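K.L.:
Sharing target_33.cif here; it has mmCIF, C-alpha atoms and all ligand atoms.
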data_input
#
loop_
_atom_site.label_atom_id
_atom_site.label_comp_id
_atom_site.auth_asym_id
_atom_site.auth_seq_id
_atom_site.Cartn_x
_atom_site.Cartn_y
_atom_site.Cartn_z
CA MET A 1 122.29 -60.98 92.69
CA LYS A 2 120.67 -60.00 95.95
CA ARG A 3 121.18 -56.38 94.98
CA ARG A 4 118.21 -56.82 92.65
CA SER A 5 115.86 -57.12 95.60
CA PHE A 6 116.55 -53.49 96.45
CA LEU A 7 115.37 -52.39 93.05
CA THR A 8 111.65 -52.11 93.59
CA GLY A 9 108.96 -50.02 91.92
CA ALA A 10 109.18 -47.91 88.77
CA ALA A 11 112.41 -46.21 89.78
CA GLY A 12 114.00 -49.58 90.38
CA ALA A 13 112.76 -50.89 87.02
CA THR A 14 114.23 -47.89 85.23
CA LEU A 15 117.49 -48.23 87.11
CA ALA A 16 117.60 -51.95 86.36
CA ALA A 17 116.96 -51.37 82.66
CA THR A 18 119.68 -48.71 82.55
CA ALA A 19 122.05 -51.00 84.40
CA ALA A 20 121.35 -53.86 82.01
CA SER A 21 121.99 -51.74 78.92
CA THR A 22 125.12 -50.03 80.21
CA LEU A 23 126.71 -52.88 82.13
CA ALA A 24 126.25 -55.71 79.66
CA THR A 25 129.46 -55.08 77.73
CA PRO A 26 131.71 -54.39 80.74
CA ALA A 27 130.32 -57.55 82.38
CA ILE A 28 131.54 -59.68 79.48
CA ALA A 29 134.84 -57.82 79.42
CA GLN A 30 135.33 -58.63 83.09
CA GLY A 31 134.99 -62.32 82.23
CA LYS A 32 131.61 -62.86 83.86
CA ARG A 33 129.80 -65.90 82.56
CA GLU A 34 126.61 -67.83 83.19
CA LEU A 35 126.98 -71.61 83.36
CA LYS A 36 124.29 -74.24 83.11
CA MET A 37 124.08 -76.93 85.78
CA VAL A 38 121.82 -79.92 85.08
CA THR A 39 120.85 -82.45 87.72
CA THR A 40 119.35 -85.88 88.16
CA TRP A 41 117.11 -84.62 91.00
CA PRO A 42 113.55 -83.30 90.91
CA LYS A 43 113.27 -79.54 91.40
CA ASN A 44 113.93 -78.51 95.01
CA PHE A 45 113.74 -82.12 96.22
CA PRO A 46 114.80 -82.01 99.91
CA GLY A 47 118.53 -82.52 100.40
CA LEU A 48 119.34 -83.61 96.85
CA GLY A 49 117.63 -80.95 94.71
CA THR A 50 118.12 -78.23 97.30
CA GLY A 51 121.75 -79.35 97.67
CA ALA A 52 122.30 -78.97 93.93
CA GLN A 53 120.79 -75.49 94.15
CA ARG A 54 123.09 -74.64 97.07
CA VAL A 55 126.16 -75.73 95.07
CA ALA A 56 125.04 -73.44 92.22
CA ASP A 57 124.39 -70.56 94.63
CA ARG A 58 127.62 -71.07 96.59
CA ILE A 59 129.71 -70.91 93.40
CA THR A 60 127.88 -67.79 92.22
CA LEU A 61 128.33 -66.10 95.60
CA ALA A 62 131.92 -67.22 96.21
CA THR A 63 133.07 -65.93 92.81
CA ASP A 64 131.14 -62.71 93.27
CA GLY A 65 129.15 -63.54 90.13
CA ARG A 66 132.15 -64.10 87.87
CA ILE A 67 130.76 -67.62 87.53
CA SER A 68 127.00 -67.45 87.78
CA VAL A 69 125.50 -70.95 87.87
CA LYS A 70 121.91 -71.54 86.80
CA LEU A 71 120.39 -74.85 87.87
CA TYR A 72 118.09 -76.89 85.62
CA ALA A 73 116.22 -79.62 87.54
CA ALA A 74 115.66 -83.12 86.16
CA GLY A 75 113.96 -82.88 82.77
CA GLU A 76 114.16 -79.10 82.46
CA LEU A 77 117.07 -79.10 80.03
CA VAL A 78 117.79 -82.81 79.59
CA PRO A 79 116.29 -86.02 81.08
CA PRO A 80 117.91 -86.88 84.44
CA PHE A 81 120.05 -89.76 83.24
CA GLU A 82 121.35 -87.75 80.29
CA SER A 83 123.06 -85.24 82.59
CA PHE A 84 126.45 -86.93 82.17
CA ASP A 85 126.36 -86.89 78.35
CA ALA A 86 125.14 -83.29 78.38
CA VAL A 87 128.20 -82.19 80.38
CA SER A 88 130.61 -84.46 78.51
CA SER A 89 129.46 -82.99 75.18
CA GLY A 90 129.28 -79.40 76.45
CA THR A 91 125.49 -79.03 76.09
CA ALA A 92 125.57 -78.22 79.81
CA ASP A 93 128.58 -77.00 81.81
CA MET A 94 128.14 -79.05 84.98
CA TYR A 95 125.90 -81.59 86.67
CA HIS A 96 124.95 -82.52 90.20
CA GLY A 97 124.12 -86.19 90.50
CA ALA A 98 125.25 -89.63 91.64
CA GLU A 99 128.12 -91.24 89.75
CA TYR A 100 126.63 -94.75 89.83
CA TYR A 101 124.00 -93.57 87.38
CA TRP A 102 126.79 -93.64 84.76
CA GLN A 103 127.84 -97.24 85.33
CA GLY A 104 126.81 -97.99 81.73
CA LYS A 105 129.83 -95.83 80.71
CA ASN A 106 132.20 -97.54 83.12
CA LYS A 107 131.33 -99.75 86.09
CA ALA A 108 134.05 -98.11 88.18
CA PHE A 109 131.84 -95.02 88.52
CA ASN A 110 129.99 -96.98 91.22
CA PHE A 111 132.97 -96.59 93.56
CA PHE A 112 132.50 -92.82 93.60
CA THR A 113 128.90 -92.97 94.85
CA ALA A 114 128.56 -96.23 96.74
CA VAL A 115 129.07 -99.94 96.23
CA PRO A 116 127.31 -102.71 98.17
CA LEU A 117 129.05 -103.38 101.48
CA GLY A 118 131.15 -100.29 100.79
CA PHE A 119 132.43 -97.24 102.65
CA THR A 120 130.53 -95.10 105.13
CA ALA A 121 130.41 -91.35 104.47
CA ASN A 122 133.46 -90.73 106.65
CA GLU A 123 135.39 -93.53 105.01
CA ILE A 124 134.70 -92.52 101.41
CA ASN A 125 135.83 -88.96 102.11
CA ALA A 126 139.01 -90.31 103.70
CA TRP A 127 139.66 -92.34 100.55
CA ILE A 128 138.83 -89.59 98.06
CA MET A 129 140.72 -86.83 99.86
CA HIS A 130 143.59 -88.74 101.46
CA GLY A 131 143.72 -92.21 99.93
CA GLY A 132 144.24 -91.55 96.23
CA GLY A 133 140.52 -91.63 95.35
CA GLN A 134 140.39 -88.14 93.83
CA GLU A 135 143.30 -88.88 91.47
CA LEU A 136 141.60 -92.09 90.28
CA TRP A 137 138.31 -90.23 89.88
CA ASP A 138 140.08 -87.55 87.81
CA GLU A 139 141.49 -90.27 85.57
CA LEU A 140 138.13 -92.01 85.16
CA SER A 141 135.96 -88.95 84.53
CA GLY A 142 138.79 -87.27 82.60
CA ASN A 143 138.29 -89.97 79.95
CA PHE A 144 134.88 -88.38 79.34
CA GLY A 145 136.08 -84.77 79.48
CA ILE A 146 134.73 -84.17 82.99
CA LYS A 147 136.26 -82.99 86.29
CA CYS A 148 134.44 -84.28 89.39
CA LEU A 149 134.27 -83.10 92.99
CA THR A 150 132.35 -84.44 95.97
CA ALA A 151 129.29 -82.24 96.53
CA GLY A 152 126.99 -83.98 98.99
CA ASN A 153 126.49 -87.13 101.01
CA THR A 154 123.32 -88.86 102.22
CA GLY A 155 124.98 -90.98 104.91
CA VAL A 156 123.79 -94.56 105.43
CA GLN A 157 120.67 -95.33 103.42
CA MET A 158 117.76 -97.53 104.40
CA GLY A 159 117.28 -101.03 102.99
CA GLY A 160 114.02 -100.09 101.29
CA TRP A 161 110.26 -100.42 101.13
CA PHE A 162 108.68 -103.82 100.48
CA ASN A 163 105.09 -104.87 99.83
CA LYS A 164 105.62 -107.92 102.06
CA GLU A 165 107.86 -109.05 104.89
CA ILE A 166 111.33 -110.26 103.97
CA ASN A 167 111.94 -113.17 106.32
CA SER A 168 114.34 -115.21 104.25
CA LEU A 169 116.28 -115.09 101.02
CA GLU A 170 113.37 -116.94 99.37
CA ASP A 171 111.30 -113.78 99.69
CA PHE A 172 113.52 -112.04 97.12
CA LYS A 173 112.64 -114.61 94.44
CA GLY A 174 110.61 -112.90 91.71
CA LEU A 175 110.57 -109.57 93.55
CA LYS A 176 110.76 -106.48 91.30
CA MET A 177 112.71 -103.72 93.02
CA ARG A 178 113.97 -100.27 92.14
CA MET A 179 117.69 -100.27 92.91
CA PRO A 180 120.43 -98.41 91.01
CA GLY A 181 124.13 -99.19 90.79
CA LEU A 182 125.69 -102.52 91.68
CA GLY A 183 123.03 -103.11 94.34
CA GLY A 184 120.67 -103.95 91.48
CA GLU A 185 123.03 -106.68 90.27
CA VAL A 186 123.22 -108.09 93.81
CA LEU A 187 119.43 -108.37 93.83
CA ARG A 188 119.52 -110.29 90.56
CA ARG A 189 121.99 -112.75 92.12
CA VAL A 190 119.47 -113.58 94.83
CA GLY A 191 116.60 -114.10 92.40
CA ALA A 192 114.97 -110.66 92.24
CA THR A 193 114.76 -108.32 89.28
CA SER A 194 115.82 -104.70 89.52
CA VAL A 195 115.33 -101.45 87.66
CA ALA A 196 117.18 -98.13 88.04
CA LEU A 197 114.39 -95.57 87.85
CA PRO A 198 115.13 -91.87 88.44
CA GLY A 199 113.69 -90.60 91.73
CA GLY A 200 110.71 -88.86 90.18
CA GLU A 201 109.44 -92.09 88.59
CA ILE A 202 109.50 -94.33 91.66
CA PHE A 203 106.18 -93.48 93.30
CA PRO A 204 104.01 -94.09 90.19
CA ALA A 205 105.87 -97.37 89.51
CA LEU A 206 105.22 -98.54 93.07
CA GLN A 207 101.60 -97.39 92.92
CA SER A 208 100.85 -99.18 89.64
CA GLY A 209 102.52 -102.41 90.79
CA ALA A 210 105.22 -102.15 88.12
CA ILE A 211 107.62 -102.66 91.04
CA ASP A 212 107.04 -104.48 94.37
CA ALA A 213 109.74 -102.73 96.33
CA THR A 214 112.07 -99.77 96.20
CA GLU A 215 114.96 -98.16 97.90
CA TRP A 216 115.45 -94.42 97.67
CA VAL A 217 117.46 -92.75 100.41
CA GLY A 218 116.34 -92.62 104.03
CA PRO A 219 113.46 -91.46 106.23
CA TRP A 220 113.62 -87.75 105.34
CA ASN A 221 113.60 -88.26 101.57
CA ASP A 222 111.37 -91.33 101.60
CA LEU A 223 108.74 -89.47 103.62
CA ALA A 224 108.81 -86.67 101.02
CA PHE A 225 108.02 -89.14 98.22
CA GLY A 226 105.18 -90.72 100.26
CA PHE A 227 106.09 -94.39 99.82
CA TYR A 228 104.31 -95.10 103.15
CA LYS A 229 101.00 -94.52 101.34
CA ILE A 230 101.55 -97.71 99.34
CA THR A 231 103.64 -100.03 101.46
CA LYS A 232 104.41 -100.25 105.16
CA PHE A 233 107.41 -102.56 105.49
CA TYR A 234 110.53 -100.42 105.84
CA TYR A 235 113.81 -102.32 106.20
CA TYR A 236 117.26 -101.45 107.50
CA PRO A 237 120.19 -101.38 107.20
CA GLY A 238 120.79 -100.80 103.52
CA TYR A 239 123.50 -103.15 102.30
CA HIS A 240 123.78 -101.25 99.05
CA GLU A 241 124.51 -97.57 99.93
CA SER A 242 126.24 -96.94 103.21
CA GLY A 243 127.39 -93.38 102.57
CA SER A 244 126.47 -92.23 99.10
CA THR A 245 128.59 -89.44 97.74
CA LEU A 246 126.99 -87.00 95.34
CA ALA A 247 129.11 -85.35 92.71
CA CYS A 248 129.47 -82.12 90.86
CA GLY A 249 130.81 -82.97 87.41
CA ILE A 250 132.23 -80.05 85.43
CA ASN A 251 133.03 -80.04 81.72
CA ARG A 252 136.82 -80.33 81.68
CA LYS A 253 137.34 -77.47 79.20
CA VAL A 254 135.13 -75.25 81.35
CA TRP A 255 137.09 -76.29 84.47
CA ASP A 256 140.42 -75.63 82.72
CA SER A 257 139.17 -72.19 81.66
CA PHE A 258 138.71 -71.11 85.30
CA SER A 259 141.49 -69.14 86.97
CA LYS A 260 143.32 -70.97 89.79
CA SER A 261 141.46 -68.78 92.23
CA ASP A 262 138.07 -69.68 90.75
CA GLN A 263 138.97 -73.37 90.65
CA SER A 264 139.72 -73.16 94.35
CA LEU A 265 136.43 -71.36 95.04
CA VAL A 266 134.44 -73.90 93.01
CA GLN A 267 136.16 -76.77 94.82
CA SER A 268 135.49 -75.22 98.23
CA SER A 269 131.84 -74.61 97.29
CA CYS A 270 131.39 -78.27 96.39
CA TRP A 271 133.21 -79.55 99.49
CA ALA A 272 131.23 -77.23 101.74
CA GLU A 273 128.01 -78.73 100.39
CA ASP A 274 129.40 -82.22 100.97
CA ASP A 275 129.64 -81.50 104.71
CA TYR A 276 126.50 -79.41 104.93
CA MET A 277 124.29 -82.00 103.25
CA TYR A 278 125.63 -84.89 105.32
CA ALA A 279 124.86 -82.94 108.49
CA GLU A 280 121.40 -82.12 107.15
CA TYR A 281 120.57 -85.78 106.53
CA ASN A 282 121.77 -86.75 109.97
CA ALA A 283 119.67 -84.01 111.53
CA LYS A 284 116.47 -84.72 109.63
CA ASN A 285 116.36 -88.50 109.28
CA SER A 286 115.49 -89.25 112.89
CA ASP A 287 112.60 -86.75 113.01
CA SER A 288 111.21 -88.12 109.76
CA LEU A 289 111.52 -91.71 110.96
CA ASP A 290 109.42 -90.78 113.98
CA VAL A 291 106.72 -89.33 111.69
CA LEU A 292 106.74 -92.42 109.47
CA VAL A 293 106.41 -94.85 112.37
CA ASN A 294 104.17 -92.92 114.74
CA GLN A 295 101.96 -90.97 112.36
CA HIS A 296 101.81 -93.22 109.30
CA GLY A 297 101.99 -96.67 110.87
CA VAL A 298 105.14 -97.75 109.05
CA LYS A 299 106.58 -101.05 110.29
CA LEU A 300 110.30 -100.69 110.84
CA LYS A 301 112.09 -104.00 110.24
CA LYS A 302 115.69 -105.13 110.43
CA PHE A 303 117.06 -107.55 107.83
CA SER A 304 117.84 -110.84 109.55
CA ASP A 305 121.51 -111.89 109.75
CA GLU A 306 120.75 -114.68 107.29
CA VAL A 307 119.37 -112.22 104.72
CA PHE A 308 122.04 -109.55 105.26
CA ASN A 309 124.90 -112.06 105.15
CA ALA A 310 123.60 -113.56 101.90
CA LEU A 311 123.26 -110.10 100.36
CA GLY A 312 126.76 -109.35 101.65
CA LYS A 313 128.21 -112.48 100.02
CA ALA A 314 126.61 -111.59 96.67
CA SER A 315 127.82 -108.00 97.13
CA ARG A 316 131.46 -109.03 97.48
CA GLU A 317 131.21 -111.13 94.30
CA VAL A 318 129.52 -108.38 92.28
CA VAL A 319 131.96 -105.67 93.40
CA ALA A 320 135.01 -107.90 92.77
CA GLU A 321 133.83 -108.54 89.20
CA VAL A 322 134.20 -104.85 88.37
CA ALA A 323 137.98 -105.42 88.45
CA ASP A 324 137.65 -107.82 85.51
CA ALA A 325 136.24 -105.10 83.25
CA GLY A 326 139.59 -103.44 82.47
CA PRO A 327 142.88 -102.08 83.86
CA LEU A 328 141.45 -98.80 85.19
CA GLU A 329 138.53 -100.63 86.82
CA LYS A 330 141.05 -102.99 88.46
CA LYS A 331 143.23 -100.10 89.65
CA ILE A 332 140.21 -98.38 91.24
CA PHE A 333 138.88 -101.61 92.76
CA ASP A 334 142.31 -102.42 94.23
CA SER A 335 142.70 -98.95 95.74
CA TYR A 336 139.16 -98.98 97.15
CA THR A 337 139.50 -102.48 98.60
CA ALA A 338 142.90 -101.87 100.23
CA PHE A 339 141.69 -98.60 101.75
CA LYS A 340 138.46 -100.20 102.99
CA LYS A 341 140.44 -102.73 104.98
CA LYS A 342 142.33 -99.99 106.82
CA ALA A 343 139.35 -97.65 107.18
CA SER A 344 137.11 -100.41 108.44
CA ALA A 345 139.58 -101.41 111.17
CA TRP A 346 139.70 -97.81 112.41
CA THR A 347 135.91 -97.28 112.17
CA LEU A 348 135.32 -100.39 114.29
CA LEU A 349 137.48 -99.18 117.15
CA SER A 350 136.54 -95.50 116.85
CA ASP A 351 132.98 -94.52 115.81
CA SER A 352 131.44 -97.99 116.11
CA ALA A 353 133.12 -98.91 119.40
CA TYR A 354 132.38 -95.52 120.90
CA THR A 355 128.67 -95.37 120.01
CA ALA A 356 128.15 -98.94 121.21
CA ALA A 357 129.95 -98.17 124.48
CA ARG A 358 128.02 -94.91 124.89
CA GLU A 359 124.72 -96.75 124.65
CA LYS A 360 125.89 -99.40 127.11
CA ALA A 361 126.90 -96.67 129.54
CA GLY A 362 123.40 -95.26 129.46
CA GLY A 363 123.59 -92.94 126.43
CA CA B 401 119.53 -94.89 97.14
#
Re-express the file's structure as structure tokens.
P.N.:
Amino acid sequence: MKRRSFLTGAAGATLAATAASTLATPAIAQGKRELKMVTTWPKNFPGLGTGAQRVADRITLATDGRISVKLYAAGELVPPFESFDAVSSGTADMYHGAEYYWQGKNKAFNFFTAVPLGFTANEINAWIMHGGGQELWDELSGNFGIKCLTAGNTGVQMGGWFNKEINSLEDFKGLKMRMPGLGGEVLRRVGATSVALPGGEIFPALQSGAIDATEWVGPWNDLAFGFYKITKFYYYPGYHESGSTLACGINRKVWDSFSKSDQSLVQSSCWAEDDYMYAEYNAKNSDSLDVLVNQHGVKLKKFSDEVFNALGKASREVVAEVADAGPLEKKIFDSYTAFKKKASAWTLLSDSAYTAAREKAGG
């Protein structure tokens, strides 16, 4: 694709036109194809939209153009939340999005993005790649004719933006908050109402007063949307998304039509973005938090133990209820829960213990 940039001026245009007319047939004969990727993210939105673009570009580059992926941002081909149906039906070939947006299809999809009081980014990758998670994901999304791969991670998300201080559980009563996935159900259990707006619709809803509070991602992404212009109370930690995985969902027939080599290249492209994006969030969140607090007067607040523990209690109930929805939901819940117990024990005496000790020792 980059070769095109060398073709400048009239000579280049002529050469390009000649190339197009003479190479079109051989290109098809060589099995080259252009695939459509839809996404739930606004065009070029930092981290999420740019990550989707990088997945598309990585696949195109890795396969030397045999699979050329063209990205359509939210609303360009289909509305953001219709990305799943578009890929399932074959209207689009693949999507980049968050699996919990499809919880209306099956609540177990939440486990493959994030559930309240769930895995960190490291833990969810351990489960998906080495704890049976990928096989369960294949079974779940396979029921809809889709093959899924991890293709991004935001790391721990913030608790959200509120138009007032949250000092006790009482402050959630009557609050209207944007919150997707099972986190929204947790809010309802503590007396709030919740809506799952796509990213691009959050700012106007907050501005008009249609919602009183919102979560989105973290400092880098929240700064980009400008929530600080409307509300100043910014809470942490997020109980609801502690390491959200993003997914590349590929129409199963399209996936099966790839050669083994191309399947491997597509998988590696998605996994590379998973690491790259997680590193990007970790690098950019602290700088953005500094801008929010020191340039925009945002008040950084920590949820009290009373509030976090109550949200945690409701979280455990809501997540456990997914198992009641059916045998596959139960199988996924059981696998997730058993793995979380092991992963959590290791996290506490590895990453958590080390960072706490490092700070104590002077940083
Ligand atoms: Ca979020």
K.L.:
Return as a VMD selection string every polymer residue, whether protein, DNA or RNA, with at least one atom no more than 8 Å from an atom of ligand CA 401 (chain B); count all atoms listed in the file.
P.N.:
chain A and resid 157 to 158 179 to 180 215 to 218 240 to 241 244
K.L.:
Pick out the residues sitting within 10 Å of A:Ser242, and hand them over as a PyMOL selection string; count all atoms listed in the file, and ignore anything fewer than 4 positions along from it in its own chain.
P.N.:
chain A and resi 113-121+123-124+154-159+237-238
K.L.:
Just the residues within 9 Å of A:Lys107, please, counting all atoms listed in the file, with nothing from its chain fewer than 4 positions along; format it as a count of residues only.
P.N.:
9
K.L.:
Excluding same-chain residues fewer than 6 positions from A:Asp287, what lies within 12 Å of it counting all atoms listed in the file, as a ChimeraX atom specification?
P.N.:
/A:218-221,223,280-281,293-295
K.L.:
Using C-alpha atoms, can you export the residues from the last selection as a compact mmCIF listing (two decimals), keeping the file's coordinate frame?
P.N.:
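That gives us selection.txt:
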# COMPACT_ATOMS: atom_id res chain seq x y z
CA GLY A 218 116.34 -92.62 104.03
CA PRO A 219 113.46 -91.46 106.23
CA TRP A 220 113.62 -87.75 105.34
CA ASN A 221 113.60 -88.26 101.57
CA LEU A 223 108.74 -89.47 103.62
CA GLU A 280 121.40 -82.12 107.15
CA TYR A 281 120.57 -85.78 106.53
CA VAL A 293 106.41 -94.85 112.37
CA ASN A 294 104.17 -92.92 114.74
CA GLN A 295 101.96 -90.97 112.36
K.L.:
Measuring between only C-alpha atoms, which one of A:Gln53, A:Tyr235, A:Met94, A:Phe81 shows the shortest distance to A:Ala196?
P.N.:
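That would be A:Phe81, the residue with the smallest distance to A:Ala196.
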K.L.:
By how many Å are atom CA of A:Lys43 and atom CA of A:Ser268 apart?
P.N.:
23.6 Å
K.L.:
Pick out the residues sitting within 12 Å of A:Ser257, and hand them over as a count of residues only; count only C-alpha atoms, and ignore anything fewer than 5 positions along from it in its own chain.
P.N.:
9
K.L.:
Please provide the set of residues having any atom within 9 Å of A:Met37, restricted to only C-alpha atoms, with same-chain residues fewer than 3 positions apart removed, written as number ranges by chain.
P.N.:
A: 52, 56, 69-73, 83, 87, 92-96, 250
K.L.:
Check the smallest atom-to-atom distance from each of A:Ile128, A:Cys148, A:Ala205, A:Ile211 to A:Met177 using all atoms listed in the file, then report the winner.
P.N.:
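Closest residue, counting all atoms listed in the file: A:Ile211.
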K.L.:
Could you tell me how far atom CA of A:Cys248 lies from atom CA of A:Lys147, in Å and to one decimal?
P.N.:
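Atom-to-atom, atom CA of A:Cys248 to atom CA of A:Lys147, that is 8.2 Å.
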K.L.:
For atom CA of A:Gly49 and atom CA of A:Phe84, quote the distance in Å rounded to one decimal.
P.N.:
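Interatomic distance here is 16.5 Å.
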K.L.:
In terms of the shortest atom-to-atom distance over all atoms listed in the file, which of A:Val318, A:Val254, A:Leu348, A:Leu328 is closest to A:Arg189?
P.N.:
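Among A:Val318, A:Val254, A:Leu348, A:Leu328, it is A:Val318 that comes nearest to A:Arg189.
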K.L.:
Identify which of the residues A:Asn163, A:Gln267, A:Thr193, A:Gln207 lies closest to A:Lys232, counting only C-alpha atoms when measuring atom-to-atom distances.
P.N.:
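Of all the options, A:Asn163 lies closest to A:Lys232.
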K.L.:
Using only C-alpha atoms, which residue out of A:Ala279, A:Val319, A:Ala310, A:Leu206 lies closest to A:Gly183?
P.N.:
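Checking each candidate against A:Gly183, we get A:Val319 as the closest.
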K.L.:
Point out the residue among A:Asp274, A:Asp290, A:Asp351, A:Glu165 with the least atom-to-atom distance to A:Val307, counting only C-alpha atoms.
P.N.:
A:Glu165
